[in-house]
Amino acid sequence: MDSTKGVVGQKFYSCACFCTDNIYLGEYKLHVKFISELQFRKDYQAVLRNHGCTTNQHFEDILKKIEAEIQRRRQLGVKSAERTAFISEFYKPLHRHVYVLQESYLAPEFLQIVNYSRSKHATVEGLHSFIQPLAAERVYRLPVFTKQFCTDLIEELENFEQSDSPKGRPNTMNNYGILLNELGFDEGLITPLRVDYLRPITALLYPDCGGDCLDSHKAFVVKYALGEDLDLSYHYDNAEVTLNVSLGQEFTEGNLYFGNMKEVPIHESECVEVEHRVTEGLLHRGQQLHGALPITAGQRWNLIVWMRSSEERNKLCPMCNKQPELVEGEGSADGFTKVPPSQNSTSTPCALT
């Protein structure tokens, strides 16, 4: 079997921390953990007071928001399945062709990068002659799609956005966007993009964090617009490697900025600003802290692919930094797998063939 394809029928799981950790309080731009009210008050009451939460009513409002978010997460799989079924039955696509990846959708320069990465003699140093390393450590810019494909994809997404179909939030920090698996993009577009085109590149650039064994993903589109989400606070992703492609449309400002890995204290992390160009993507390690500056005009759509390596995350959950406590999940869930006891202490070989 071609190891780039993963294990047929592989079941993926989430970590139990999904319902307790990294709960985002947008008003205070703070991620929190909630096990109990007692724990929460002990850990965060002073911090929240410094952020402007000065009354008991403020604090009670926060507790209500946290409880609502926890309930949303607990019901996420069921609700997502319901939305997917509704969309499949009732939504009428505008551009059916964008759901299935064709090489004509990919920039010629991107195909050159992929072909070099697939070659037997490919090296990181050689790849740097095709791909642009940026000032931020191990962040790379590369062309991905053609302008026409980006235009068609945005038109499809806008058509869906204007439909009566139910829509889920991409994550706790983005309020406007689309979960691409629910719309039917995973099998025909995102999976072949990850397996056949991106993984040869990530295998060279990020072998130390699972880039050679990316076996699942979460893909979504986020939208930035005046009166909606303008920016994205400093954070890290639930991923080993992230691809962020600017699809368009016309917008001003809104550059990305990158710091150190999440283990480095924020006050010691110097940020580097990176311009985000339409049709081009930025590749970076998921655990690298980053954010998006506000747009000042127009509208921007970004395609985000969180690529995951079960080999890496089975050892340590990237969100709670503990051995994962597995719970059932839908589809690719959060990319964890059950590892036989004999493999718990040693890594399983995984390489492109």
# chains A, B, ... in the order shown; residues from 1 in each chain; ligands from 1

call {"tool": "residues_around", "arguments": {"residues": "Leu179 in chain A", "least_positions_apart": "3", "cutoff": "6 Å", "atoms": "only C-alpha atoms", "output": "ChimeraX atom specification"}}
result
/A:170,182,220

call {"tool": "write_last_selection", "arguments": {"atoms": "N, CA and C atoms", "output": "PDB file, in the first residue's frame"}}
result
ATOM      1  N   PRO A 170     -16.224  27.816  11.938  1.00  0.00           N
ATOM      2  CA  PRO A 170     -14.970  27.094  11.711  1.00  0.00           C
ATOM      3  C   PRO A 170     -14.247  26.731  12.999  1.00  0.00           C
ATOM      4  N   GLU A 182     -18.365  19.820   5.642  1.00  0.00           N
ATOM      5  CA  GLU A 182     -19.825  19.822   5.635  1.00  0.00           C
ATOM      6  C   GLU A 182     -20.383  20.181   4.263  1.00  0.00           C
ATOM      7  N   PHE A 220     -11.166  24.567   6.458  1.00  0.00           N
ATOM      8  CA  PHE A 220     -12.264  25.519   6.539  1.00  0.00           C
ATOM      9  C   PHE A 220     -11.853  26.807   5.847  1.00  0.00           C
TER      10      PHE A 220
END

call {"tool": "residues_around", "arguments": {"residues": "Lys33 in chain A", "least_positions_apart": "5", "cutoff": "6 Å", "atoms": "only C-alpha atoms", "output": "PDB file with N, CA, C and O atoms, in the first residue's frame"}}
result
ATOM      1  N   THR A  20     -12.696  21.048  27.580  1.00  0.00           N
ATOM      2  CA  THR A  20     -12.279  21.765  28.784  1.00  0.00           C
ATOM      3  C   THR A  20     -11.227  22.843  28.517  1.00  0.00           C
ATOM      4  O   THR A  20     -11.162  23.824  29.243  1.00  0.00           O
ATOM      5  N   ASP A  21     -10.396  22.650  27.500  1.00  0.00           N
ATOM      6  CA  ASP A  21      -9.239  23.531  27.298  1.00  0.00           C
ATOM      7  C   ASP A  21      -9.443  24.479  26.124  1.00  0.00           C
ATOM      8  O   ASP A  21     -10.270  24.246  25.250  1.00  0.00           O
ATOM      9  N   ASN A  22      -8.635  25.541  26.109  1.00  0.00           N
ATOM     10  CA  ASN A  22      -8.587  26.478  24.979  1.00  0.00           C
ATOM     11  C   ASN A  22      -9.959  27.031  24.608  1.00  0.00           C
ATOM     12  O   ASN A  22     -10.336  27.087  23.437  1.00  0.00           O
TER      13      ASN A  22
END

call {"tool": "atom_distance", "arguments": {"atom1": "CA of Thr146 in chain A", "atom2": "CA of Pro192 in chain A"}}
result
16.9 Å

call {"tool": "residues_around", "arguments": {"residues": "Phe258 in chain A", "least_positions_apart": "5", "cutoff": "8 Å", "atoms": "only C-alpha atoms", "output": "list in words"}}
result
Ala136, Cys271, Val272, Glu273, Val274, Gln288, Leu289, His290 and Gly291 of chain A

call {"tool": "write_last_selection", "arguments": {"atoms": "C-alpha atoms", "output": "compact mmCIF listing (two decimals), in the first residue's frame"}}
result
# COMPACT_ATOMS: atom_id res chain seq x y z
CA ALA A 136 9.68 34.35 10.35
CA CYS A 271 6.78 38.91 15.83
CA VAL A 272 7.47 39.21 12.13
CA GLU A 273 4.81 40.66 9.82
CA VAL A 274 4.15 38.78 6.57
CA GLN A 288 3.89 28.42 15.92
CA LEU A 289 2.16 31.46 17.41
CA HIS A 290 0.58 33.73 14.83
CA GLY A 291 -2.29 36.10 14.19

call {"tool": "atom_distance", "arguments": {"atom1": "CA of His217 in chain A", "atom2": "CA of Gln132 in chain A"}}
result
24.0 Å

call {"tool": "select_by_dssp", "arguments": {"residues": "range 129-158 of chain A", "states": "strand (DSSP E or B)", "output": "VMD selection string"}}
result
chain A and resid 132 to 133 140 to 143 145

call {"tool": "residues_around", "arguments": {"residues": "Thr279 in chain A", "least_positions_apart": "5", "cutoff": "12 Å", "atoms": "only C-alpha atoms", "output": "number ranges by chain"}}
result
A: 105-110, 141-151, 153-154, 244-249, 300-303

call {"tool": "residues_around", "arguments": {"residues": "Ala239 in chain A", "least_positions_apart": "4", "cutoff": "6 Å", "atoms": "only C-alpha atoms", "output": "ChimeraX atom specification"}}
result
/A:286,306-308

call {"tool": "write_last_selection", "arguments": {"atoms": "all heavy atoms", "output": "compact mmCIF listing (two decimals), in the first residue's frame"}}
result
# COMPACT_ATOMS: atom_id res chain seq x y z
N GLY A 286 2.02 24.20 12.94
CA GLY A 286 0.77 24.55 13.60
C GLY A 286 0.97 25.13 14.99
O GLY A 286 0.17 25.95 15.45
N TRP A 306 -5.65 22.63 8.39
CA TRP A 306 -4.89 22.13 9.53
C TRP A 306 -4.54 20.67 9.23
O TRP A 306 -5.41 19.79 9.23
CB TRP A 306 -5.71 22.18 10.80
CG TRP A 306 -5.91 23.56 11.36
CD1 TRP A 306 -5.34 24.72 10.95
CD2 TRP A 306 -6.77 23.91 12.46
NE1 TRP A 306 -5.76 25.77 11.72
CE2 TRP A 306 -6.63 25.30 12.65
CE3 TRP A 306 -7.61 23.18 13.29
CZ2 TRP A 306 -7.34 25.98 13.65
CZ3 TRP A 306 -8.30 23.84 14.29
CH2 TRP A 306 -8.16 25.23 14.47
N MET A 307 -3.28 20.40 8.96
CA MET A 307 -2.85 19.05 8.63
C MET A 307 -2.27 18.37 9.87
O MET A 307 -1.47 18.98 10.59
CB MET A 307 -1.83 19.09 7.48
CG MET A 307 -2.45 19.59 6.18
SD MET A 307 -1.28 19.72 4.80
CE MET A 307 -0.45 21.27 5.20
N ARG A 308 -2.67 17.12 10.09
CA ARG A 308 -2.38 16.44 11.34
C ARG A 308 -1.66 15.12 11.13
O ARG A 308 -1.94 14.42 10.16
CB ARG A 308 -3.68 16.22 12.11
CG ARG A 308 -4.32 17.53 12.57
CD ARG A 308 -5.77 17.38 12.88
NE ARG A 308 -6.29 18.57 13.55
CZ ARG A 308 -7.59 18.80 13.78
NH1 ARG A 308 -8.50 17.91 13.37
NH2 ARG A 308 -7.97 19.88 14.41

call {"tool": "residues_around", "arguments": {"residues": "range 69-73 of chain A", "least_positions_apart": "6", "cutoff": "8 Å", "atoms": "only C-alpha atoms", "output": "list in words"}}
result
Phe18, Cys19, Thr20 and Ile23 of chain A

call {"tool": "select_by_dssp", "arguments": {"residues": "range 97-191 of chain A", "states": "helix (DSSP H, G or I)", "output": "PyMOL selection string"}}
result
chain A and resi 97-99+103-105+108-118+124-127+147-161+180-183+186-191

call {"tool": "decode", "arguments": {"residues": "range 302-338 of chain A", "atoms": "N, CA, C and O atoms", "output": "tab-separated table (two decimals), in the first residue's frame"}}
result
chain	number	residue	atom	x	y	z
A	302	ASN	N	-9.96	33.35	3.28
A	302	ASN	CA	-8.76	32.53	3.44
A	302	ASN	C	-9.13	31.07	3.57
A	302	ASN	O	-10.05	30.71	4.32
A	303	LEU	N	-8.42	30.23	2.83
A	303	LEU	CA	-8.56	28.78	2.97
A	303	LEU	C	-7.51	28.30	3.97
A	303	LEU	O	-6.31	28.54	3.79
A	304	ILE	N	-7.96	27.62	5.02
A	304	ILE	CA	-7.07	27.11	6.06
A	304	ILE	C	-7.15	25.59	6.06
A	304	ILE	O	-8.24	25.02	6.11
A	305	VAL	N	-6.00	24.93	6.01
A	305	VAL	CA	-5.96	23.47	6.13
A	305	VAL	C	-5.04	23.13	7.31
A	305	VAL	O	-3.83	23.34	7.24
A	306	TRP	N	-5.65	22.63	8.39
A	306	TRP	CA	-4.89	22.13	9.53
A	306	TRP	C	-4.54	20.67	9.23
A	306	TRP	O	-5.41	19.79	9.23
A	307	MET	N	-3.28	20.40	8.96
A	307	MET	CA	-2.85	19.05	8.63
A	307	MET	C	-2.27	18.37	9.87
A	307	MET	O	-1.47	18.98	10.59
A	308	ARG	N	-2.67	17.12	10.09
A	308	ARG	CA	-2.38	16.44	11.34
A	308	ARG	C	-1.66	15.12	11.13
A	308	ARG	O	-1.94	14.42	10.16
A	309	SER	N	-0.77	14.81	12.04
A	309	SER	CA	-0.04	13.55	12.03
A	309	SER	C	-0.40	12.77	13.29
A	309	SER	O	-0.04	13.17	14.40
A	310	SER	N	-1.11	11.65	13.12
A	310	SER	CA	-1.49	10.86	14.30
A	310	SER	C	-0.26	10.34	15.01
A	310	SER	O	-0.26	10.20	16.24
A	311	GLU	N	0.82	10.06	14.25
A	311	GLU	CA	2.05	9.57	14.88
A	311	GLU	C	2.58	10.57	15.90
A	311	GLU	O	3.05	10.19	16.97
A	312	GLU	N	2.50	11.85	15.57
A	312	GLU	CA	2.99	12.88	16.48
A	312	GLU	C	2.01	13.12	17.62
A	312	GLU	O	2.38	13.14	18.79
A	313	ARG	N	0.74	13.30	17.31
A	313	ARG	CA	-0.19	13.70	18.35
A	313	ARG	C	-0.60	12.55	19.26
A	313	ARG	O	-1.08	12.78	20.37
A	314	ASN	N	-0.40	11.31	18.81
A	314	ASN	CA	-0.66	10.19	19.72
A	314	ASN	C	0.29	10.20	20.92
A	314	ASN	O	-0.04	9.68	21.98
A	315	LYS	N	1.46	10.80	20.74
A	315	LYS	CA	2.43	10.88	21.85
A	315	LYS	C	2.06	11.98	22.84
A	315	LYS	O	2.21	11.81	24.05
A	316	LEU	N	1.58	13.10	22.31
A	316	LEU	CA	1.30	14.26	23.15
A	316	LEU	C	0.25	15.13	22.47
A	316	LEU	O	0.44	15.55	21.33
A	317	CYS	N	-0.84	15.36	23.16
A	317	CYS	CA	-1.88	16.22	22.59
A	317	CYS	C	-1.33	17.64	22.49
A	317	CYS	O	-0.85	18.21	23.48
A	318	PRO	N	-1.39	18.26	21.31
A	318	PRO	CA	-0.82	19.61	21.15
A	318	PRO	C	-1.62	20.69	21.85
A	318	PRO	O	-1.14	21.82	21.99
A	319	MET	N	-2.82	20.37	22.31
A	319	MET	CA	-3.66	21.38	22.94
A	319	MET	C	-3.56	21.37	24.47
A	319	MET	O	-3.61	22.40	25.10
A	320	CYS	N	-3.42	20.18	25.07
A	320	CYS	CA	-3.31	20.11	26.54
A	320	CYS	C	-1.92	19.68	27.00
A	320	CYS	O	-1.64	19.65	28.20
A	321	ASN	N	-1.06	19.32	26.03
A	321	ASN	CA	0.32	18.91	26.34
A	321	ASN	C	0.39	17.71	27.28
A	321	ASN	O	1.29	17.61	28.12
A	322	LYS	N	-0.56	16.80	27.14
A	322	LYS	CA	-0.58	15.58	27.92
A	322	LYS	C	-0.82	14.40	26.99
A	322	LYS	O	-1.17	14.59	25.81
A	323	GLN	N	-0.60	13.19	27.49
A	323	GLN	CA	-0.95	12.03	26.69
A	323	GLN	C	-2.45	12.08	26.43
A	323	GLN	O	-3.25	12.25	27.36
A	324	PRO	N	-2.87	11.98	25.18
A	324	PRO	CA	-4.29	12.19	24.87
A	324	PRO	C	-5.21	11.17	25.53
A	324	PRO	O	-4.90	9.99	25.60
A	325	GLU	N	-6.33	11.68	26.03
A	325	GLU	CA	-7.40	10.83	26.56
A	325	GLU	C	-8.45	10.74	25.46
A	325	GLU	O	-9.19	11.69	25.22
A	326	LEU	N	-8.48	9.60	24.76
A	326	LEU	CA	-9.26	9.50	23.53
A	326	LEU	C	-10.75	9.41	23.80
A	326	LEU	O	-11.21	8.71	24.69
A	327	VAL	N	-11.51	10.14	22.98
A	327	VAL	CA	-12.97	10.07	22.99
A	327	VAL	C	-13.43	9.95	21.54
A	327	VAL	O	-12.74	10.34	20.61
A	328	GLU	N	-14.61	9.38	21.34
A	328	GLU	CA	-15.15	9.17	20.01
A	328	GLU	C	-15.34	10.52	19.30
A	328	GLU	O	-15.66	11.54	19.91
A	329	GLY	N	-15.12	10.50	17.97
A	329	GLY	CA	-15.33	11.70	17.18
A	329	GLY	C	-15.84	11.33	15.80
A	329	GLY	O	-15.79	10.17	15.38
A	330	GLU	N	-16.34	12.34	15.09
A	330	GLU	CA	-16.86	12.13	13.74
A	330	GLU	C	-15.76	12.34	12.70
A	330	GLU	O	-14.90	13.21	12.86
A	331	GLY	N	-15.76	11.55	11.63
A	331	GLY	CA	-14.81	11.74	10.53
A	331	GLY	C	-13.37	11.67	11.00
A	331	GLY	O	-12.98	10.72	11.69
A	332	SER	N	-12.60	12.70	10.68
A	332	SER	CA	-11.20	12.75	11.09
A	332	SER	C	-11.04	13.21	12.53
A	332	SER	O	-9.92	13.23	13.03
A	333	ALA	N	-12.16	13.59	13.17
A	333	ALA	CA	-12.14	14.07	14.55
A	333	ALA	C	-10.98	15.05	14.72
A	333	ALA	O	-10.84	15.98	13.94
A	334	ASP	N	-10.12	14.82	15.71
A	334	ASP	CA	-8.94	15.68	15.88
A	334	ASP	C	-7.65	14.95	15.55
A	334	ASP	O	-6.57	15.35	15.98
A	335	GLY	N	-7.77	13.86	14.77
A	335	GLY	CA	-6.59	13.23	14.21
A	335	GLY	C	-5.82	12.27	15.09
A	335	GLY	O	-4.73	11.84	14.72
A	336	PHE	N	-6.38	11.90	16.25
A	336	PHE	CA	-5.73	10.89	17.09
A	336	PHE	C	-6.17	9.50	16.66
A	336	PHE	O	-7.29	9.32	16.16
A	337	THR	N	-5.32	8.52	16.87
A	337	THR	CA	-5.68	7.13	16.60
A	337	THR	C	-5.33	6.29	17.82
A	337	THR	O	-4.53	6.69	18.67
A	338	LYS	N	-5.94	5.11	17.89
A	338	LYS	CA	-5.59	4.18	18.97
A	338	LYS	C	-4.33	3.43	18.58
A	338	LYS	O	-4.26	2.80	17.53
